[in-house]
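Enquirer: Structure supplied as start.cif; contents: mmCIF, C-alpha atoms.
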data_run
#
loop_
_atom_site.label_atom_id
_atom_site.label_comp_id
_atom_site.auth_asym_id
_atom_site.auth_seq_id
_atom_site.Cartn_x
_atom_site.Cartn_y
_atom_site.Cartn_z
CA MET A 22 -161.29 -41.78 174.56
CA GLU A 23 -160.10 -40.53 171.15
CA PRO A 24 -158.35 -37.10 171.09
CA GLU A 25 -161.22 -35.51 169.11
CA GLN A 26 -163.79 -36.88 171.54
CA ALA A 27 -161.76 -35.59 174.50
CA SER A 28 -161.51 -32.18 172.85
CA GLY A 29 -165.26 -32.07 172.25
CA SER A 30 -165.94 -33.07 175.84
CA GLY A 31 -163.61 -30.34 177.08
CA VAL A 32 -165.29 -27.66 175.00
CA ARG A 33 -168.69 -28.83 176.24
CA SER A 34 -167.52 -28.56 179.85
CA VAL A 35 -166.19 -25.05 179.26
CA ARG A 36 -169.49 -23.98 177.72
CA ARG A 37 -171.41 -25.43 180.64
CA ALA A 38 -169.17 -23.62 183.11
CA LEU A 39 -169.70 -20.33 181.25
CA ASP A 40 -173.45 -20.93 181.24
CA ILE A 41 -173.31 -21.23 185.02
CA LEU A 42 -171.26 -18.05 185.42
CA SER A 43 -173.66 -16.17 183.14
CA LEU A 44 -176.45 -16.77 185.66
CA LEU A 45 -174.81 -14.20 187.93
CA THR A 46 -176.27 -10.74 187.30
CA GLU A 47 -176.74 -7.48 189.17
CA GLU A 48 -180.30 -8.57 189.90
CA GLN A 49 -179.16 -12.07 190.93
CA PRO A 50 -175.68 -11.79 192.52
CA VAL A 51 -176.15 -15.08 194.42
CA VAL A 52 -177.46 -18.20 192.67
CA PRO A 53 -178.71 -21.23 194.66
CA LEU A 54 -177.62 -24.66 193.46
CA ARG A 55 -181.22 -25.56 192.66
CA THR A 56 -181.48 -22.55 190.36
CA VAL A 57 -178.32 -23.61 188.53
CA VAL A 58 -179.72 -27.11 188.01
CA GLU A 59 -183.06 -25.76 186.74
CA ALA A 60 -181.48 -23.14 184.47
CA THR A 61 -178.93 -25.44 182.85
CA GLY A 62 -181.06 -28.59 182.68
CA LEU A 63 -178.01 -30.60 183.72
CA PRO A 64 -178.03 -33.46 186.24
CA LYS A 65 -177.38 -32.28 189.77
CA THR A 66 -174.21 -34.39 190.00
CA THR A 67 -172.81 -32.67 186.90
CA VAL A 68 -173.67 -29.23 188.24
CA VAL A 69 -172.05 -29.99 191.60
CA ARG A 70 -168.86 -31.11 189.85
CA LEU A 71 -168.77 -27.97 187.70
CA VAL A 72 -169.42 -25.49 190.51
CA GLN A 73 -166.84 -27.20 192.70
CA THR A 74 -164.26 -26.83 189.93
CA LEU A 75 -165.19 -23.17 189.44
CA GLU A 76 -164.90 -22.65 193.18
CA GLN A 77 -161.44 -24.26 193.24
CA TYR A 78 -160.27 -21.74 190.64
CA GLY A 79 -161.78 -18.84 192.56
CA LEU A 80 -164.46 -18.10 189.97
CA LEU A 81 -167.33 -18.92 192.34
CA TRP A 82 -167.68 -18.49 196.07
CA ALA A 83 -170.01 -20.75 198.08
CA THR A 84 -172.28 -19.07 200.64
CA GLU A 85 -175.23 -20.29 202.68
CA ALA A 86 -177.59 -18.73 200.12
CA GLY A 87 -175.82 -20.12 197.06
CA TYR A 88 -172.91 -19.24 194.80
CA MET A 89 -171.61 -15.74 194.14
CA ALA A 90 -168.76 -14.29 192.06
CA GLY A 91 -165.40 -15.37 193.41
CA PRO A 92 -162.17 -13.38 193.77
CA GLY A 93 -160.83 -14.79 190.51
CA LEU A 94 -163.60 -13.00 188.64
CA TRP A 95 -162.90 -9.79 190.54
CA ARG A 96 -159.30 -9.91 189.38
CA TRP A 97 -160.32 -10.47 185.77
CA ALA A 98 -162.93 -7.71 186.02
CA TYR A 99 -160.24 -5.33 187.27
CA LEU A 100 -157.97 -6.25 184.36
CA ALA A 101 -160.81 -5.82 181.87
CA ALA A 102 -161.80 -2.45 183.34
CA SER A 103 -158.18 -1.29 183.16
CA SER A 104 -157.89 -2.38 179.54
CA TRP A 105 -161.22 -0.87 178.49
CA GLN A 106 -160.90 2.43 180.32
CA LEU A 107 -161.60 5.42 178.12
CA PRO A 108 -159.64 8.66 178.43
CA PRO A 109 -161.27 11.10 180.88
CA GLU A 110 -161.79 13.56 178.03
CA THR A 111 -163.86 10.99 176.12
CA VAL A 112 -165.93 10.15 179.20
CA ASP A 113 -166.64 13.87 179.66
CA LEU A 114 -167.83 14.10 176.07
CA LEU A 115 -170.25 11.20 176.58
CA ARG A 116 -171.55 12.73 179.79
CA GLY A 117 -172.09 15.99 177.94
CA LEU A 118 -174.32 14.25 175.40
CA VAL A 119 -176.46 12.81 178.19
CA ALA A 120 -176.68 16.19 179.92
CA ARG A 121 -177.82 17.93 176.74
CA HIS A 122 -180.31 15.33 175.50
CA GLY A 123 -181.31 13.26 178.53
CA GLU A 124 -180.94 9.95 176.68
CA THR A 125 -178.55 7.02 177.05
CA VAL A 126 -175.24 7.17 175.20
CA ASN A 127 -173.58 3.97 173.99
CA LEU A 128 -170.20 3.42 172.40
CA MET A 129 -169.98 0.11 170.55
CA ILE A 130 -167.51 -1.81 168.43
CA ARG A 131 -167.96 -4.76 166.09
CA ARG A 132 -166.58 -8.13 167.11
CA ASP A 133 -167.20 -10.64 164.34
CA VAL A 134 -171.00 -11.12 164.11
CA GLN A 135 -171.77 -9.22 167.32
CA ARG A 136 -171.50 -5.68 168.56
CA VAL A 137 -170.02 -5.06 171.99
CA CYS A 138 -170.83 -2.16 174.29
CA VAL A 139 -167.50 -0.77 175.53
CA ALA A 140 -168.77 2.42 177.18
CA GLN A 141 -172.07 3.84 178.32
CA GLN A 142 -173.56 6.80 180.09
CA GLU A 143 -177.12 6.17 181.26
CA SER A 144 -180.03 8.53 180.89
CA PRO A 145 -181.08 10.03 184.25
CA ARG A 146 -184.74 9.45 183.41
CA PRO A 147 -186.68 6.58 185.02
CA LEU A 148 -187.68 5.17 181.62
CA ARG A 149 -184.44 4.64 179.73
CA HIS A 150 -182.54 2.24 177.51
CA VAL A 151 -179.72 0.42 179.28
CA VAL A 152 -177.07 -1.92 177.88
CA ARG A 153 -174.34 -3.06 180.23
CA ILE A 154 -170.69 -2.56 179.35
CA GLY A 155 -169.43 -5.83 177.91
CA ASP A 156 -172.83 -6.90 176.60
CA GLU A 157 -172.83 -8.47 173.14
CA LEU A 158 -175.78 -7.60 170.92
CA PRO A 159 -176.77 -8.84 167.45
CA LEU A 160 -175.76 -6.98 164.31
CA TRP A 161 -178.86 -7.82 162.29
CA ALA A 162 -180.72 -4.64 163.36
CA GLY A 163 -180.25 -1.31 165.07
CA ALA A 164 -178.68 2.04 164.27
CA SER A 165 -175.27 1.09 165.66
CA SER A 166 -175.25 -2.10 163.57
CA LYS A 167 -175.89 -0.14 160.37
CA VAL A 168 -172.91 2.08 161.13
CA LEU A 169 -170.60 -0.75 162.20
CA LEU A 170 -171.35 -2.80 159.07
CA SER A 171 -169.98 -0.11 156.79
CA GLY A 172 -167.71 -1.83 154.27
CA ALA A 173 -168.66 -5.33 155.42
CA ASP A 174 -168.23 -8.06 152.82
CA ASP A 175 -171.06 -10.27 151.58
CA ALA A 176 -169.85 -13.30 153.54
CA LEU A 177 -170.10 -11.45 156.85
CA LEU A 178 -173.54 -10.07 156.03
CA SER A 179 -174.77 -13.57 155.16
CA ARG A 180 -173.49 -14.96 158.46
CA ILE A 181 -175.23 -12.18 160.37
CA ALA A 182 -178.46 -12.64 158.39
CA LEU A 183 -178.54 -16.35 159.23
CA LEU A 184 -178.52 -15.43 162.93
CA SER A 185 -181.47 -13.08 162.51
CA PRO A 186 -185.19 -13.93 162.75
CA HIS A 187 -185.45 -13.06 159.05
CA GLY A 188 -183.10 -15.65 157.56
CA GLU A 189 -180.45 -15.46 154.85
CA GLY A 190 -182.47 -13.07 152.69
CA HIS A 191 -181.95 -10.38 155.31
CA ALA A 192 -178.41 -9.89 153.98
CA ALA A 193 -179.77 -7.66 151.21
CA GLN A 194 -181.45 -5.41 153.78
CA LEU A 195 -178.24 -5.26 155.83
CA ARG A 196 -176.33 -4.18 152.72
CA ALA A 197 -178.90 -1.48 151.95
CA TRP A 198 -178.80 -0.19 155.53
CA SER A 199 -175.01 -0.12 155.74
CA ASP A 200 -174.68 1.58 152.34
CA GLU A 201 -177.20 4.23 153.35
CA ALA A 202 -175.41 4.81 156.68
CA GLU A 203 -172.13 5.25 154.79
CA ARG A 204 -173.69 7.80 152.41
CA ALA A 205 -175.57 9.74 155.06
CA GLY A 206 -172.89 9.56 157.76
CA PHE A 207 -175.40 8.37 160.37
CA ALA A 208 -178.17 5.82 160.92
CA VAL A 209 -181.53 5.70 162.68
CA SER A 210 -183.59 2.78 163.92
CA HIS A 211 -187.15 2.62 165.22
CA GLY A 212 -188.13 -0.56 167.07
CA GLU A 213 -186.09 -2.86 164.83
CA ARG A 214 -184.82 -4.99 167.71
CA GLU A 215 -186.81 -3.73 170.68
CA SER A 216 -190.32 -2.38 170.25
CA GLY A 217 -190.64 1.24 171.31
CA LEU A 218 -186.90 1.93 171.15
CA THR A 219 -185.33 4.54 168.88
CA ALA A 220 -181.61 5.06 168.34
CA VAL A 221 -179.41 7.41 166.34
CA ALA A 222 -175.81 6.37 165.64
CA VAL A 223 -172.76 7.85 163.95
CA PRO A 224 -169.33 6.35 163.24
CA ILE A 225 -166.13 7.08 165.11
CA ARG A 226 -163.41 6.95 162.51
CA ALA A 227 -160.02 5.30 162.94
CA ALA A 228 -156.85 7.03 161.77
CA GLY A 229 -157.08 5.21 158.42
CA GLY A 230 -160.64 6.39 157.83
CA GLY A 231 -162.44 3.12 158.61
CA VAL A 232 -165.17 2.78 161.20
CA ALA A 233 -163.61 1.96 164.58
CA ALA A 234 -166.78 2.28 166.66
CA SER A 235 -170.31 3.63 166.75
CA LEU A 236 -171.57 6.39 169.00
CA SER A 237 -175.29 6.47 169.67
CA LEU A 238 -178.13 8.03 171.58
CA SER A 239 -181.03 5.70 172.41
CA GLY A 240 -184.28 5.93 174.29
CA PRO A 241 -188.06 5.55 174.09
CA SER A 242 -189.50 6.35 170.67
CA SER A 243 -192.10 8.54 172.38
CA ARG A 244 -189.30 10.94 173.39
CA MET A 245 -186.93 10.54 170.44
CA THR A 246 -189.34 11.88 167.84
CA ASP A 247 -188.50 12.52 164.18
CA ASP A 248 -188.29 16.29 164.66
CA LEU A 249 -185.40 15.81 167.11
CA ILE A 250 -183.31 13.42 165.00
CA ALA A 251 -181.43 16.15 163.13
CA GLY A 252 -180.33 17.78 166.38
CA PHE A 253 -179.24 14.46 167.88
CA THR A 254 -177.28 13.64 164.74
CA ALA A 255 -175.47 16.97 164.57
CA ASP A 256 -174.34 16.72 168.19
CA LEU A 257 -173.27 13.08 167.81
CA LEU A 258 -171.22 13.91 164.72
CA ASP A 259 -169.48 16.75 166.53
CA VAL A 260 -168.64 14.56 169.52
CA SER A 261 -167.51 11.61 167.37
CA ALA A 262 -165.15 13.89 165.45
CA ARG A 263 -163.66 15.16 168.72
CA ILE A 264 -163.20 11.59 169.99
CA ALA A 265 -161.55 10.57 166.72
CA ALA A 266 -159.27 13.61 166.86
CA GLU A 267 -158.04 12.42 170.27
CA GLY A 268 -157.18 9.07 168.69
CA PHE A 269 -159.84 6.53 169.64
CA ASP A 270 -158.36 3.20 170.60
CA HIS A 271 -159.66 0.04 172.23
CA PRO A 272 -158.12 -3.43 172.62
CA LEU A 273 -161.06 -5.10 170.86
CA VAL A 274 -160.87 -2.89 167.76
CA PRO A 275 -159.43 -5.05 164.94
CA ARG A 276 -155.94 -4.08 163.81
CA SER A 277 -155.71 -3.76 160.05
#
Take the structure in this file and express it as structure tokens.
Expert:
Amino acid sequence: MEPEQASGSGVRSVRRALDILSLLTEEQPVVPLRTVVEATGLPKTTVVRLVQTLEQYGLLWATEAGYMAGPGLWRWAYLAASSWQLPPETVDLLRGLVARHGETVNLMIRRDVQRVCVAQQESPRPLRHVVRIGDELPLWAGASSKVLLSGADDALLSRIALLSPHGEGHAAQLRAWSDEAERAGFAVSHGERESGLTAVAVPIRAAGGGVAASLSLSGPSSRMTDDLIAGFTADLLDVSARIAAEGFDHPLVPRS
């Protein structure tokens, strides 16, 4: 096998292994082999080989009911949690937002063409918006995206637009949104990515003045009505300024 072919085969195997690991969720902590085969569409022999390799490295653990997260993943999760841990003062500020407004608070950063949730405090209400820490979401819509795209160049906006349901022409809308968010100091979205969801986001500034992260409140549009937006925004801006004053830092924030 030629080196390039071997490299391509290796990348394909890694992607398949990650696809298998991604089947593990809070709702599905144990995945039967049959489910893995059905979900991946791979031959059973290929799936068996992959899960056996993952098990050898401690990333999966075989049980009578199927495969669950192995100790290797626990170790990596601990390392990630340690690296991503926010200062207690920042956590208290996020909890305060939830206590005052009853909606979910998300703190997100931009990572290339995605946004990543690095901290969250859930709404206590039964009907709420939830994004798990570590989840990657698209940048082609949403209040946090508008804030995080402040200062983005045309090449980045075009790449993001191509990933959207709207195609390359959506880059112009992304530019308009990000420019407006920069002028206003905040952004709002109503059902742009999820029907019935409203979000308000503000930037958290880095020491140099650039946008390091977005801080947002999100919840059902029926509760987050237009007459409440100004109050949400004022509180978010106050909290974001206090977080920035403490020196917001995160290992995924680009160094520039």
Enquirer: Could you expand the PyMOL selection byres ((chain A and resi 78) around 12) into the explicit residues it covers here, written as a short mmCIF file (atom, residue, chain, number, x, y, z; two decimals) with C-alpha atoms, keeping the file's coordinate frame?
Expert:
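Now in expr-v2.cif:
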data_model
loop_
_atom_site.label_atom_id
_atom_site.label_comp_id
_atom_site.auth_asym_id
_atom_site.auth_seq_id
_atom_site.Cartn_x
_atom_site.Cartn_y
_atom_site.Cartn_z
CA ALA A 38 -169.17 -23.62 183.11
CA LEU A 71 -168.77 -27.97 187.70
CA VAL A 72 -169.42 -25.49 190.51
CA GLN A 73 -166.84 -27.20 192.70
CA THR A 74 -164.26 -26.83 189.93
CA LEU A 75 -165.19 -23.17 189.44
CA GLU A 76 -164.90 -22.65 193.18
CA GLN A 77 -161.44 -24.26 193.24
CA GLY A 79 -161.78 -18.84 192.56
CA LEU A 80 -164.46 -18.10 189.97
CA LEU A 81 -167.33 -18.92 192.34
CA TRP A 82 -167.68 -18.49 196.07
CA ALA A 90 -168.76 -14.29 192.06
CA GLY A 91 -165.40 -15.37 193.41
CA PRO A 92 -162.17 -13.38 193.77
CA GLY A 93 -160.83 -14.79 190.51
CA LEU A 94 -163.60 -13.00 188.64
CA ARG A 96 -159.30 -9.91 189.38
#
Enquirer: Restricting the calculation to only C-alpha atoms: of A:Asp247, A:Thr84, A:Ala173, A:Val51, which residue gets closest to Gly231 in chain A?
Expert: A:Ala173
Enquirer: Applied to the shown file, which residues does the PyMOL selection byres ((chain A and resi 58) around 12) return, written as a count of residues only?
Expert: 24
Enquirer: On this structure, which residues satisfy the PyMOL selection byres ((chain A and resi 210) around 6), written as a PyMOL selection string?
Expert: chain A and resi 163-164+209+211+219-220
Enquirer: Please measure the separation of CA of Arg131 in chain A and CA of Phe269 in chain A, giving the value in Å to one decimal.
Expert: 14.4 Å
Enquirer: Show which residues sit within 7 Å of Leu158 in chain A, as an MDAnalysis selection string. Count all atoms listed in the file, and ignore same-chain residues fewer than 3 positions away.
Expert: chainID A and resid 135:137
Enquirer: What's the 12 Å shell around Ala176 in chain A, counting only C-alpha atoms, without same-chain residues fewer than 3 positions away, as a list in words?
Expert: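 In the requested form, the answer reads Asp133, Val134, Leu170, Gly172, Ala173, Ser179, Arg180, Ile181, Ala182, Leu183, Glu189, Ala192, Ala193, Leu195 and Arg196 of chain A.
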Enquirer: In terms of the shortest atom-to-atom distance over only C-alpha atoms, which of A:Val126, A:Leu218, A:Val223, A:Val139 is closest to Arg244 in chain A?
Expert: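 Comparing A:Val126, A:Leu218, A:Val223, A:Val139 against Arg244 in chain A, the winner is A:Leu218.
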Enquirer: Between A:Ser199, A:Gln141, A:Thr125, A:Thr46, which is the closest to Lys167 in chain A once you count all atoms listed in the file?
Expert: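 Ranked by minimum distance to Lys167 in chain A, first place goes to A:Ser199.
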Enquirer: Which one of A:Ile130, A:Met89, A:Ala197, A:Leu114 sits closest to Ser165 in chain A if you count only C-alpha atoms?
Expert: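 Once distances to Ser165 in chain A are computed over only C-alpha atoms, the minimum belongs to A:Ile130.
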Enquirer: Select all residues near (-171.5, 1.5, 174.3) (cut-off 6 Å, inclusive, file coordinates), counting all atoms listed in the file, and output them as a ChimeraX atom specification.
Expert: /A:127-129,138-141
Enquirer: Counting only C-alpha atoms, what is within 8 Å of Glu143 in chain A, bar same-chain residues fewer than 4 positions away, as an MDAnalysis selection string?
Expert: chainID A and resid 119 124:126 149:151
Enquirer: Looking at A:Tyr99, A:Pro50, A:Phe207, A:His122, which one is nearest to Gly87 in chain A, with distances taken over only C-alpha atoms?
Expert: A:Pro50
Enquirer: Calculate how many Å separate CA of Leu178 in chain A from CA of Gly217 in chain A, rounding to one decimal.
Expert: 25.6 Å
Enquirer: Go through A:Gly212, A:Pro224, A:Gly123, A:Gly229 and flag the residue nearest Leu148 in chain A, using all atoms listed in the file for the distances.
Expert: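 Closest candidate: A:Gly123.
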Enquirer: Can you tell me which residues surround range 259-268 of chain A at a distance of at most 12 Å, considering all atoms listed in the file, apart from same-chain residues fewer than 5 positions away, and format the answer as a PyMOL selection string?
Expert: chain A and resi 107-119+126-128+206-207+222-238+252-254
Enquirer: What does the distance from CA of Ser243 in chain A to CA of Ala255 in chain A come to in Å, to one decimal?
Expert: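 Answer for the CA of Ser243 in chain A to CA of Ala255 in chain A separation: 20.2 Å.
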Enquirer: I'd like the contact shell of Arg214 in chain A - 9 Å cut-off, all atoms listed in the file, skipping same-chain residues fewer than 5 positions apart - returned as a list in words.
Expert: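 Here the answer would be Pro159, Trp161, Ala162 and Gly163 of chain A.
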Enquirer: Once you add 4 Å to each side, what are the centre and edge lengths of the axis-aligned box holding all listed atoms of range 192-208 of chain A? One decimal in Å, as JSON, if you can.
Expert:
{"center_x": -176.8, "center_y": -0.1, "center_z": 156.1, "size_x": 17.3, "size_y": 27.6, "size_z": 17.7}
